[in-house]
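Reading through the structure tokens given below for one structure.
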Amino acid sequence: MVAARFPDKINSLVLAGAPIDTDAGNGPIKRLAHQSPMSFYEELVALGGGLMKGKFMLQGWKNMHPAQHYIQDQIDLYEHIDDPVYLAKEETFGSWYENPIDLPGRWYLQIIRQLFKENRLARGTFVALGRQLNLRDIVCPAYLLAGDTDDITTKEQVFDAEKYLGTPKQRIEKKLVPGGHIGLFMGSRTLKEAWPSIARWISSQ
């Protein structure tokens, strides 16, 4: 959005797990957004006293893969109960993952309606700082990074950005890495193999 609003200020753009085209693919977030009425989200915000509570979102994420979160995670813990390194790693991750921040309810509802239900950013009808954004205004080199098993932002939602950006196709890099959404930013393999090359790509622009 910043790149489309101020294209002259952007030298290069990296989109990592970014849902540019929310209608692309067939991920669970897309299905939920289209199948659930706005009243569902409005009621969640009302329950949160005007906030979208992080604990509500956490429950939704876990329910996308209940067997993993409610059964397999406990089995894994039992099998590594005598491994202090594993336990420390799990405790550190858990203290972060289990405590997502609350979001302003009004902002959250705007995101659901304008980006996930109406797909305004990809359609060129999203308004920011008084101007309708057009992704074609983005002409700088772009790097698109997606996770092969990302079910929060599917690879199609990321890679479809190529259809909307004004950047020439020969100046767009696309990379698909193993793993899910969190792995794009915290996975040891991605941090070791993908991000250093992205940093070199940025410095070369």
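Letters A, B, ... go to the chains of the structure tokens in the order shown; residues in each chain start at 1; ligands are counted from 1 in the same order.
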
Self-check item: Contacts of A:Gln110 at 12 Å (only C-alpha atoms; same-chain gap of 2+ positions) as a ChimeraX atom specification
Solution: /A:38,41-42,45,52,103-108,112-120,126-127

Quiz prompt | Those of stretch 29-120 of chain A in DSSP helix (DSSP H, G or I), formatted as JSON, numbers by chain | solution = {"A": [29, 30, 31, 32, 33, 34, 35, 38, 39, 40, 41, 42, 43, 44, 45, 46, 47, 54, 55, 56, 57, 58, 59, 60, 61, 62, 63, 64, 66, 67, 68, 69, 70, 71, 72, 73, 74, 75, 76, 77, 78, 79, 84, 85, 86, 87, 88, 89, 90, 91, 92, 93, 94, 95, 96, 97, 105, 106, 107, 108, 109, 110, 111, 112, 113, 114, 115, 116, 117, 120]}

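Minimum atom-to-atom distance to A:Glu193, evaluated using only C-alpha atoms, belongs to A:Lys175 out of A:Glu98, A:Ile29, A:Lys175, A:Gln205.
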
Quiz item: Pick the closest to A:Arg171 from A:Val139, A:Ile101, A:Ile111, A:Ala199: which is it, counting only C-alpha atoms?
Solution: A:Val139

Compile the contact shell of A:Gln59 as a CSV table (one decimal) with N, CA and C atoms, in the first residue's frame: residues with an atom at most 12 Å away, counting only C-alpha atoms, same-chain residues fewer than 4 positions apart removed.
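Listing of selection21.csv after writing:
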```csv
chain,number,residue,atom,x,y,z
A,53,LYS,N,-10.1,-9.6,19.9
A,53,LYS,CA,-9.2,-10.2,20.9
A,53,LYS,C,-8.2,-11.2,20.2
A,54,GLY,N,-7.0,-11.1,20.6
A,54,GLY,CA,-6.0,-12.0,20.1
A,54,GLY,C,-6.4,-13.4,20.4
A,55,LYS,N,-7.0,-13.7,21.6
A,55,LYS,CA,-7.3,-15.0,21.9
A,55,LYS,C,-8.4,-15.6,21.0
A,63,ASN,N,-8.0,-24.0,15.4
A,63,ASN,CA,-9.1,-24.9,14.8
A,63,ASN,C,-8.9,-25.2,13.4
A,64,MET,N,-8.0,-24.5,12.7
A,64,MET,CA,-7.7,-24.9,11.3
A,64,MET,C,-7.0,-26.2,11.2
A,65,HIS,N,-6.2,-26.5,12.3
A,65,HIS,CA,-5.5,-27.8,12.4
A,65,HIS,C,-5.6,-28.3,13.8
A,66,PRO,N,-6.8,-28.8,14.2
A,66,PRO,CA,-7.0,-29.2,15.6
A,66,PRO,C,-6.2,-30.4,16.0
A,69,HIS,N,-2.6,-29.1,16.9
A,69,HIS,CA,-2.5,-28.3,18.1
A,69,HIS,C,-3.0,-29.0,19.4
A,70,TYR,N,-4.0,-29.8,19.3
A,70,TYR,CA,-4.5,-30.4,20.5
A,70,TYR,C,-4.1,-31.8,20.8
A,97,TYR,N,3.6,-17.3,20.6
A,97,TYR,CA,2.5,-17.8,19.7
A,97,TYR,C,1.1,-17.7,20.5
A,98,GLU,N,1.2,-18.1,21.8
A,98,GLU,CA,0.0,-18.2,22.6
A,98,GLU,C,-0.6,-16.8,23.1
A,99,ASN,N,0.1,-15.7,22.7
A,99,ASN,CA,-0.3,-14.4,23.2
A,99,ASN,C,-0.3,-13.4,22.1
A,100,PRO,N,-1.2,-13.6,21.1
A,100,PRO,CA,-1.3,-12.6,20.0
A,100,PRO,C,-1.9,-11.3,20.5
```

Excluding same-chain residues fewer than 6 positions from stretch 15-26 of chain A, what lies within 9 Å of it counting only C-alpha atoms, as a PDB file with all heavy atoms, in the first residue's frame?
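Output file part-v4.pdb follows:
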```pdb
ATOM      1  N   LEU A 115     -10.602  -5.727   2.277  1.00  0.00           N
ATOM      2  CA  LEU A 115      -9.526  -6.506   1.675  1.00  0.00           C
ATOM      3  C   LEU A 115      -9.898  -7.964   1.422  1.00  0.00           C
ATOM      4  O   LEU A 115      -9.585  -8.509   0.366  1.00  0.00           O
ATOM      5  CB  LEU A 115      -8.271  -6.444   2.550  1.00  0.00           C
ATOM      6  CG  LEU A 115      -7.640  -5.054   2.701  1.00  0.00           C
ATOM      7  CD1 LEU A 115      -6.338  -5.147   3.473  1.00  0.00           C
ATOM      8  CD2 LEU A 115      -7.400  -4.413   1.347  1.00  0.00           C
ATOM      9  N   PHE A 116     -10.576  -8.598   2.386  1.00  0.00           N
ATOM     10  CA  PHE A 116     -10.827 -10.026   2.245  1.00  0.00           C
ATOM     11  C   PHE A 116     -12.177 -10.349   1.614  1.00  0.00           C
ATOM     12  O   PHE A 116     -12.316 -11.364   0.938  1.00  0.00           O
ATOM     13  CB  PHE A 116     -10.687 -10.721   3.596  1.00  0.00           C
ATOM     14  CG  PHE A 116      -9.254 -10.851   4.031  1.00  0.00           C
ATOM     15  CD1 PHE A 116      -8.656  -9.871   4.793  1.00  0.00           C
ATOM     16  CD2 PHE A 116      -8.496 -11.934   3.632  1.00  0.00           C
ATOM     17  CE1 PHE A 116      -7.325  -9.973   5.174  1.00  0.00           C
ATOM     18  CE2 PHE A 116      -7.168 -12.048   3.997  1.00  0.00           C
ATOM     19  CZ  PHE A 116      -6.579 -11.065   4.772  1.00  0.00           C
ATOM     20  N   LYS A 117     -13.163  -9.516   1.811  1.00  0.00           N
ATOM     21  CA  LYS A 117     -14.447  -9.763   1.166  1.00  0.00           C
ATOM     22  C   LYS A 117     -14.537  -9.080  -0.206  1.00  0.00           C
ATOM     23  O   LYS A 117     -15.034  -9.666  -1.168  1.00  0.00           O
ATOM     24  CB  LYS A 117     -15.602  -9.301   2.066  1.00  0.00           C
ATOM     25  CG  LYS A 117     -15.916 -10.261   3.216  1.00  0.00           C
ATOM     26  CD  LYS A 117     -17.151  -9.826   3.954  1.00  0.00           C
ATOM     27  CE  LYS A 117     -17.602 -10.873   4.974  1.00  0.00           C
ATOM     28  NZ  LYS A 117     -18.074 -12.132   4.336  1.00  0.00           N
ATOM     29  N   GLU A 118     -14.057  -7.846  -0.282  1.00  0.00           N
ATOM     30  CA  GLU A 118     -14.196  -7.072  -1.521  1.00  0.00           C
ATOM     31  C   GLU A 118     -12.917  -7.008  -2.341  1.00  0.00           C
ATOM     32  O   GLU A 118     -12.936  -6.515  -3.470  1.00  0.00           O
ATOM     33  CB  GLU A 118     -14.691  -5.657  -1.181  1.00  0.00           C
ATOM     34  CG  GLU A 118     -16.043  -5.671  -0.447  1.00  0.00           C
ATOM     35  CD  GLU A 118     -16.490  -4.285   0.008  1.00  0.00           C
ATOM     36  OE1 GLU A 118     -15.710  -3.320  -0.165  1.00  0.00           O
ATOM     37  OE2 GLU A 118     -17.616  -4.176   0.545  1.00  0.00           O
ATOM     38  N   ASN A 119     -11.801  -7.472  -1.776  1.00  0.00           N
ATOM     39  CA  ASN A 119     -10.526  -7.547  -2.504  1.00  0.00           C
ATOM     40  C   ASN A 119     -10.166  -6.218  -3.174  1.00  0.00           C
ATOM     41  O   ASN A 119      -9.723  -6.177  -4.327  1.00  0.00           O
ATOM     42  CB  ASN A 119     -10.592  -8.660  -3.559  1.00  0.00           C
ATOM     43  CG  ASN A 119      -9.210  -9.139  -3.999  1.00  0.00           C
ATOM     44  OD1 ASN A 119      -8.212  -8.880  -3.344  1.00  0.00           O
ATOM     45  ND2 ASN A 119      -9.172  -9.841  -5.123  1.00  0.00           N
ATOM     46  N   ARG A 120     -10.342  -5.140  -2.440  1.00  0.00           N
ATOM     47  CA  ARG A 120     -10.192  -3.812  -3.038  1.00  0.00           C
ATOM     48  C   ARG A 120      -8.766  -3.494  -3.494  1.00  0.00           C
ATOM     49  O   ARG A 120      -8.584  -2.772  -4.476  1.00  0.00           O
ATOM     50  CB  ARG A 120     -10.650  -2.736  -2.041  1.00  0.00           C
ATOM     51  CG  ARG A 120     -12.150  -2.730  -1.786  1.00  0.00           C
ATOM     52  CD  ARG A 120     -12.538  -1.483  -0.988  1.00  0.00           C
ATOM     53  NE  ARG A 120     -13.921  -1.525  -0.545  1.00  0.00           N
ATOM     54  CZ  ARG A 120     -14.506  -0.532   0.134  1.00  0.00           C
ATOM     55  NH1 ARG A 120     -13.812   0.566   0.416  1.00  0.00           N
ATOM     56  NH2 ARG A 120     -15.767  -0.647   0.516  1.00  0.00           N
ATOM     57  N   LEU A 121      -7.763  -4.012  -2.784  1.00  0.00           N
ATOM     58  CA  LEU A 121      -6.386  -3.671  -3.163  1.00  0.00           C
ATOM     59  C   LEU A 121      -6.081  -4.199  -4.556  1.00  0.00           C
ATOM     60  O   LEU A 121      -5.569  -3.477  -5.411  1.00  0.00           O
ATOM     61  CB  LEU A 121      -5.394  -4.242  -2.142  1.00  0.00           C
ATOM     62  CG  LEU A 121      -3.928  -3.897  -2.392  1.00  0.00           C
ATOM     63  CD1 LEU A 121      -3.713  -2.384  -2.362  1.00  0.00           C
ATOM     64  CD2 LEU A 121      -3.029  -4.589  -1.369  1.00  0.00           C
ATOM     65  N   ALA A 122      -6.402  -5.474  -4.795  1.00  0.00           N
ATOM     66  CA  ALA A 122      -6.134  -6.047  -6.119  1.00  0.00           C
ATOM     67  C   ALA A 122      -7.013  -5.417  -7.189  1.00  0.00           C
ATOM     68  O   ALA A 122      -6.596  -5.257  -8.338  1.00  0.00           O
ATOM     69  CB  ALA A 122      -6.351  -7.559  -6.082  1.00  0.00           C
ATOM     70  N   ARG A 123      -8.232  -5.045  -6.829  1.00  0.00           N
ATOM     71  CA  ARG A 123      -9.166  -4.480  -7.806  1.00  0.00           C
ATOM     72  C   ARG A 123      -8.947  -2.992  -8.060  1.00  0.00           C
ATOM     73  O   ARG A 123      -9.603  -2.391  -8.904  1.00  0.00           O
ATOM     74  CB  ARG A 123     -10.601  -4.724  -7.337  1.00  0.00           C
ATOM     75  CG  ARG A 123     -10.972  -6.199  -7.323  1.00  0.00           C
ATOM     76  CD  ARG A 123     -12.375  -6.432  -6.796  1.00  0.00           C
ATOM     77  NE  ARG A 123     -12.712  -7.856  -6.797  1.00  0.00           N
ATOM     78  CZ  ARG A 123     -13.831  -8.350  -6.297  1.00  0.00           C
ATOM     79  NH1 ARG A 123     -14.742  -7.543  -5.747  1.00  0.00           N
ATOM     80  NH2 ARG A 123     -14.063  -9.654  -6.339  1.00  0.00           N
ATOM     81  N   ALA A 142      10.562  -6.186  -7.828  1.00  0.00           N
ATOM     82  CA  ALA A 142       9.775  -6.813  -6.758  1.00  0.00           C
ATOM     83  C   ALA A 142      10.212  -8.256  -6.565  1.00  0.00           C
ATOM     84  O   ALA A 142      10.540  -8.961  -7.525  1.00  0.00           O
ATOM     85  CB  ALA A 142       8.291  -6.750  -7.094  1.00  0.00           C
ATOM     86  N   TYR A 143      10.197  -8.683  -5.300  1.00  0.00           N
ATOM     87  CA  TYR A 143      10.553 -10.056  -4.940  1.00  0.00           C
ATOM     88  C   TYR A 143       9.363 -10.651  -4.195  1.00  0.00           C
ATOM     89  O   TYR A 143       8.920 -10.125  -3.181  1.00  0.00           O
ATOM     90  CB  TYR A 143      11.793 -10.058  -4.040  1.00  0.00           C
ATOM     91  CG  TYR A 143      12.488 -11.384  -3.922  1.00  0.00           C
ATOM     92  CD1 TYR A 143      13.735 -11.594  -4.486  1.00  0.00           C
ATOM     93  CD2 TYR A 143      11.896 -12.445  -3.236  1.00  0.00           C
ATOM     94  CE1 TYR A 143      14.379 -12.821  -4.383  1.00  0.00           C
ATOM     95  CE2 TYR A 143      12.533 -13.670  -3.127  1.00  0.00           C
ATOM     96  CZ  TYR A 143      13.780 -13.850  -3.702  1.00  0.00           C
ATOM     97  OH  TYR A 143      14.427 -15.056  -3.595  1.00  0.00           O
ATOM     98  N   LEU A 144       8.832 -11.768  -4.721  1.00  0.00           N
ATOM     99  CA  LEU A 144       7.655 -12.407  -4.143  1.00  0.00           C
ATOM    100  C   LEU A 144       8.065 -13.708  -3.478  1.00  0.00           C
ATOM    101  O   LEU A 144       8.565 -14.623  -4.140  1.00  0.00           O
ATOM    102  CB  LEU A 144       6.604 -12.668  -5.229  1.00  0.00           C
ATOM    103  CG  LEU A 144       6.295 -11.515  -6.182  1.00  0.00           C
ATOM    104  CD1 LEU A 144       5.240 -11.927  -7.190  1.00  0.00           C
ATOM    105  CD2 LEU A 144       5.848 -10.282  -5.407  1.00  0.00           C
ATOM    106  N   LEU A 145       7.851 -13.795  -2.169  1.00  0.00           N
ATOM    107  CA  LEU A 145       8.239 -14.973  -1.394  1.00  0.00           C
ATOM    108  C   LEU A 145       6.994 -15.621  -0.795  1.00  0.00           C
ATOM    109  O   LEU A 145       6.201 -14.966  -0.119  1.00  0.00           O
ATOM    110  CB  LEU A 145       9.209 -14.575  -0.275  1.00  0.00           C
ATOM    111  CG  LEU A 145       9.680 -15.706   0.642  1.00  0.00           C
ATOM    112  CD1 LEU A 145      10.578 -16.675  -0.123  1.00  0.00           C
ATOM    113  CD2 LEU A 145      10.418 -15.138   1.859  1.00  0.00           C
ATOM    114  N   ALA A 146       6.811 -16.918  -1.045  1.00  0.00           N
ATOM    115  CA  ALA A 146       5.635 -17.622  -0.553  1.00  0.00           C
ATOM    116  C   ALA A 146       6.027 -18.967   0.048  1.00  0.00           C
ATOM    117  O   ALA A 146       7.050 -19.552  -0.319  1.00  0.00           O
ATOM    118  CB  ALA A 146       4.628 -17.836  -1.692  1.00  0.00           C
ATOM    119  N   GLY A 147       5.199 -19.445   0.976  1.00  0.00           N
ATOM    120  CA  GLY A 147       5.411 -20.743   1.594  1.00  0.00           C
ATOM    121  C   GLY A 147       4.569 -21.803   0.906  1.00  0.00           C
ATOM    122  O   GLY A 147       3.382 -21.590   0.656  1.00  0.00           O
ATOM    123  N   ASP A 150       1.691 -22.715   3.148  1.00  0.00           N
ATOM    124  CA  ASP A 150       1.107 -21.582   3.872  1.00  0.00           C
ATOM    125  C   ASP A 150      -0.405 -21.578   3.684  1.00  0.00           C
ATOM    126  O   ASP A 150      -0.898 -21.445   2.568  1.00  0.00           O
ATOM    127  CB  ASP A 150       1.698 -20.267   3.341  1.00  0.00           C
ATOM    128  CG  ASP A 150       1.329 -19.065   4.198  1.00  0.00           C
ATOM    129  OD1 ASP A 150       0.358 -19.160   4.970  1.00  0.00           O
ATOM    130  OD2 ASP A 150       2.015 -18.041   4.086  1.00  0.00           O
ATOM    131  N   ILE A 152      -2.343 -19.528   5.697  1.00  0.00           N
ATOM    132  CA  ILE A 152      -2.796 -18.196   6.101  1.00  0.00           C
ATOM    133  C   ILE A 152      -2.840 -17.298   4.861  1.00  0.00           C
ATOM    134  O   ILE A 152      -3.851 -16.658   4.558  1.00  0.00           O
ATOM    135  CB  ILE A 152      -1.863 -17.587   7.168  1.00  0.00           C
ATOM    136  CG1 ILE A 152      -1.822 -18.482   8.416  1.00  0.00           C
ATOM    137  CG2 ILE A 152      -2.314 -16.177   7.515  1.00  0.00           C
ATOM    138  CD1 ILE A 152      -3.146 -18.634   9.135  1.00  0.00           C
ATOM    139  N   THR A 153      -1.732 -17.261   4.145  1.00  0.00           N
ATOM    140  CA  THR A 153      -1.657 -16.567   2.856  1.00  0.00           C
ATOM    141  C   THR A 153      -1.143 -17.566   1.836  1.00  0.00           C
ATOM    142  O   THR A 153       0.046 -17.893   1.826  1.00  0.00           O
ATOM    143  CB  THR A 153      -0.710 -15.354   2.929  1.00  0.00           C
ATOM    144  OG1 THR A 153      -1.168 -14.455   3.928  1.00  0.00           O
ATOM    145  CG2 THR A 153      -0.676 -14.635   1.589  1.00  0.00           C
ATOM    146  N   THR A 154      -2.012 -18.061   0.993  1.00  0.00           N
ATOM    147  CA  THR A 154      -1.595 -19.085   0.041  1.00  0.00           C
ATOM    148  C   THR A 154      -0.626 -18.513  -0.991  1.00  0.00           C
ATOM    149  O   THR A 154      -0.593 -17.302  -1.235  1.00  0.00           O
ATOM    150  CB  THR A 154      -2.810 -19.677  -0.692  1.00  0.00           C
ATOM    151  OG1 THR A 154      -3.449 -18.638  -1.457  1.00  0.00           O
ATOM    152  CG2 THR A 154      -3.815 -20.260   0.293  1.00  0.00           C
ATOM    153  N   LYS A 155       0.133 -19.401  -1.593  1.00  0.00           N
ATOM    154  CA  LYS A 155       1.122 -18.961  -2.586  1.00  0.00           C
ATOM    155  C   LYS A 155       0.459 -18.238  -3.744  1.00  0.00           C
ATOM    156  O   LYS A 155       1.048 -17.311  -4.321  1.00  0.00           O
ATOM    157  CB  LYS A 155       1.947 -20.142  -3.082  1.00  0.00           C
ATOM    158  CG  LYS A 155       1.186 -21.316  -3.640  1.00  0.00           C
ATOM    159  CD  LYS A 155       2.127 -22.452  -4.026  1.00  0.00           C
ATOM    160  CE  LYS A 155       1.398 -23.683  -4.542  1.00  0.00           C
ATOM    161  NZ  LYS A 155       0.652 -24.378  -3.452  1.00  0.00           N
ATOM    162  N   GLU A 156      -0.767 -18.634  -4.088  1.00  0.00           N
ATOM    163  CA  GLU A 156      -1.472 -17.958  -5.178  1.00  0.00           C
ATOM    164  C   GLU A 156      -1.747 -16.497  -4.843  1.00  0.00           C
ATOM    165  O   GLU A 156      -1.677 -15.620  -5.707  1.00  0.00           O
ATOM    166  CB  GLU A 156      -2.787 -18.668  -5.485  1.00  0.00           C
ATOM    167  CG  GLU A 156      -2.640 -20.071  -6.051  1.00  0.00           C
ATOM    168  CD  GLU A 156      -2.547 -21.138  -4.982  1.00  0.00           C
ATOM    169  OE1 GLU A 156      -2.530 -20.795  -3.787  1.00  0.00           O
ATOM    170  OE2 GLU A 156      -2.496 -22.322  -5.348  1.00  0.00           O
ATOM    171  N   GLN A 157      -2.078 -16.222  -3.587  1.00  0.00           N
ATOM    172  CA  GLN A 157      -2.363 -14.845  -3.183  1.00  0.00           C
ATOM    173  C   GLN A 157      -1.126 -13.975  -3.276  1.00  0.00           C
ATOM    174  O   GLN A 157      -1.216 -12.779  -3.564  1.00  0.00           O
ATOM    175  CB  GLN A 157      -2.933 -14.831  -1.758  1.00  0.00           C
ATOM    176  CG  GLN A 157      -4.310 -15.447  -1.649  1.00  0.00           C
ATOM    177  CD  GLN A 157      -4.854 -15.394  -0.238  1.00  0.00           C
ATOM    178  OE1 GLN A 157      -4.103 -15.301   0.738  1.00  0.00           O
ATOM    179  NE2 GLN A 157      -6.160 -15.456  -0.096  1.00  0.00           N
ATOM    180  N   VAL A 158       0.036 -14.566  -3.024  1.00  0.00           N
ATOM    181  CA  VAL A 158       1.297 -13.818  -3.131  1.00  0.00           C
ATOM    182  C   VAL A 158       1.708 -13.660  -4.597  1.00  0.00           C
ATOM    183  O   VAL A 158       1.946 -12.547  -5.079  1.00  0.00           O
ATOM    184  CB  VAL A 158       2.421 -14.532  -2.348  1.00  0.00           C
ATOM    185  CG1 VAL A 158       3.727 -13.733  -2.460  1.00  0.00           C
ATOM    186  CG2 VAL A 158       2.032 -14.726  -0.895  1.00  0.00           C
ATOM    187  N   PHE A 159       1.786 -14.762  -5.312  1.00  0.00           N
ATOM    188  CA  PHE A 159       2.309 -14.741  -6.681  1.00  0.00           C
ATOM    189  C   PHE A 159       1.388 -14.021  -7.659  1.00  0.00           C
ATOM    190  O   PHE A 159       1.840 -13.543  -8.707  1.00  0.00           O
ATOM    191  CB  PHE A 159       2.584 -16.163  -7.164  1.00  0.00           C
ATOM    192  CG  PHE A 159       3.750 -16.826  -6.479  1.00  0.00           C
ATOM    193  CD1 PHE A 159       3.832 -18.204  -6.391  1.00  0.00           C
ATOM    194  CD2 PHE A 159       4.770 -16.062  -5.929  1.00  0.00           C
ATOM    195  CE1 PHE A 159       4.918 -18.816  -5.771  1.00  0.00           C
ATOM    196  CE2 PHE A 159       5.857 -16.658  -5.294  1.00  0.00           C
ATOM    197  CZ  PHE A 159       5.931 -18.045  -5.217  1.00  0.00           C
ATOM    198  N   ASP A 160       0.094 -13.922  -7.326  1.00  0.00           N
ATOM    199  CA  ASP A 160      -0.812 -13.191  -8.201  1.00  0.00           C
ATOM    200  C   ASP A 160      -0.491 -11.700  -8.255  1.00  0.00           C
ATOM    201  O   ASP A 160      -0.998 -10.988  -9.119  1.00  0.00           O
ATOM    202  CB  ASP A 160      -2.268 -13.389  -7.763  1.00  0.00           C
ATOM    203  CG  ASP A 160      -2.954 -14.485  -8.575  1.00  0.00           C
ATOM    204  OD1 ASP A 160      -2.238 -15.362  -9.097  1.00  0.00           O
ATOM    205  OD2 ASP A 160      -4.191 -14.467  -8.697  1.00  0.00           O
ATOM    206  N   ALA A 161       0.351 -11.228  -7.341  1.00  0.00           N
ATOM    207  CA  ALA A 161       0.766  -9.826  -7.379  1.00  0.00           C
ATOM    208  C   ALA A 161       1.400  -9.494  -8.726  1.00  0.00           C
ATOM    209  O   ALA A 161       1.306  -8.357  -9.205  1.00  0.00           O
ATOM    210  CB  ALA A 161       1.757  -9.539  -6.247  1.00  0.00           C
ATOM    211  N   TYR A 164      -0.773  -7.719 -11.151  1.00  0.00           N
ATOM    212  CA  TYR A 164      -1.274  -6.374 -10.835  1.00  0.00           C
ATOM    213  C   TYR A 164      -0.192  -5.302 -10.793  1.00  0.00           C
ATOM    214  O   TYR A 164      -0.481  -4.125 -11.040  1.00  0.00           O
ATOM    215  CB  TYR A 164      -2.003  -6.412  -9.488  1.00  0.00           C
ATOM    216  CG  TYR A 164      -3.161  -7.383  -9.459  1.00  0.00           C
ATOM    217  CD1 TYR A 164      -3.038  -8.642  -8.887  1.00  0.00           C
ATOM    218  CD2 TYR A 164      -4.395  -7.050 -10.027  1.00  0.00           C
ATOM    219  CE1 TYR A 164      -4.101  -9.541  -8.867  1.00  0.00           C
ATOM    220  CE2 TYR A 164      -5.456  -7.937 -10.012  1.00  0.00           C
ATOM    221  CZ  TYR A 164      -5.301  -9.179  -9.435  1.00  0.00           C
ATOM    222  OH  TYR A 164      -6.347 -10.066  -9.426  1.00  0.00           O
ATOM    223  N   HIS A 181       3.220 -20.237   6.995  1.00  0.00           N
ATOM    224  CA  HIS A 181       3.291 -18.781   7.094  1.00  0.00           C
ATOM    225  C   HIS A 181       4.364 -18.326   8.085  1.00  0.00           C
ATOM    226  O   HIS A 181       5.206 -17.488   7.749  1.00  0.00           O
ATOM    227  CB  HIS A 181       1.919 -18.250   7.517  1.00  0.00           C
ATOM    228  CG  HIS A 181       1.775 -16.776   7.348  1.00  0.00           C
ATOM    229  ND1 HIS A 181       1.696 -16.172   6.107  1.00  0.00           N
ATOM    230  CD2 HIS A 181       1.699 -15.766   8.257  1.00  0.00           C
ATOM    231  CE1 HIS A 181       1.579 -14.857   6.259  1.00  0.00           C
ATOM    232  NE2 HIS A 181       1.585 -14.593   7.553  1.00  0.00           N
ATOM    233  N   LEU A 184       8.030 -18.581   7.033  1.00  0.00           N
ATOM    234  CA  LEU A 184       8.609 -17.581   6.134  1.00  0.00           C
ATOM    235  C   LEU A 184       9.491 -16.597   6.889  1.00  0.00           C
ATOM    236  O   LEU A 184      10.451 -16.052   6.334  1.00  0.00           O
ATOM    237  CB  LEU A 184       7.499 -16.810   5.419  1.00  0.00           C
ATOM    238  CG  LEU A 184       6.716 -17.551   4.337  1.00  0.00           C
ATOM    239  CD1 LEU A 184       5.558 -16.681   3.856  1.00  0.00           C
ATOM    240  CD2 LEU A 184       7.622 -17.923   3.174  1.00  0.00           C
ATOM    241  N   PHE A 185       9.173 -16.386   8.148  1.00  0.00           N
ATOM    242  CA  PHE A 185       9.864 -15.355   8.926  1.00  0.00           C
ATOM    243  C   PHE A 185      10.683 -15.919  10.082  1.00  0.00           C
ATOM    244  O   PHE A 185      11.593 -15.259  10.572  1.00  0.00           O
ATOM    245  CB  PHE A 185       8.844 -14.355   9.476  1.00  0.00           C
ATOM    246  CG  PHE A 185       7.878 -13.862   8.431  1.00  0.00           C
ATOM    247  CD1 PHE A 185       6.610 -14.416   8.312  1.00  0.00           C
ATOM    248  CD2 PHE A 185       8.246 -12.869   7.544  1.00  0.00           C
ATOM    249  CE1 PHE A 185       5.727 -13.986   7.337  1.00  0.00           C
ATOM    250  CE2 PHE A 185       7.377 -12.434   6.565  1.00  0.00           C
ATOM    251  CZ  PHE A 185       6.114 -12.998   6.448  1.00  0.00           C
TER     252      PHE A 185
END
```

Self-check item: Residue nearest A:Arg5 among A:Arg136, A:His80, A:Arg189, A:Lys169 (counting only C-alpha atoms)
Solution: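 Comparing A:Arg136, A:His80, A:Arg189, A:Lys169 against A:Arg5, the winner is A:Arg136.
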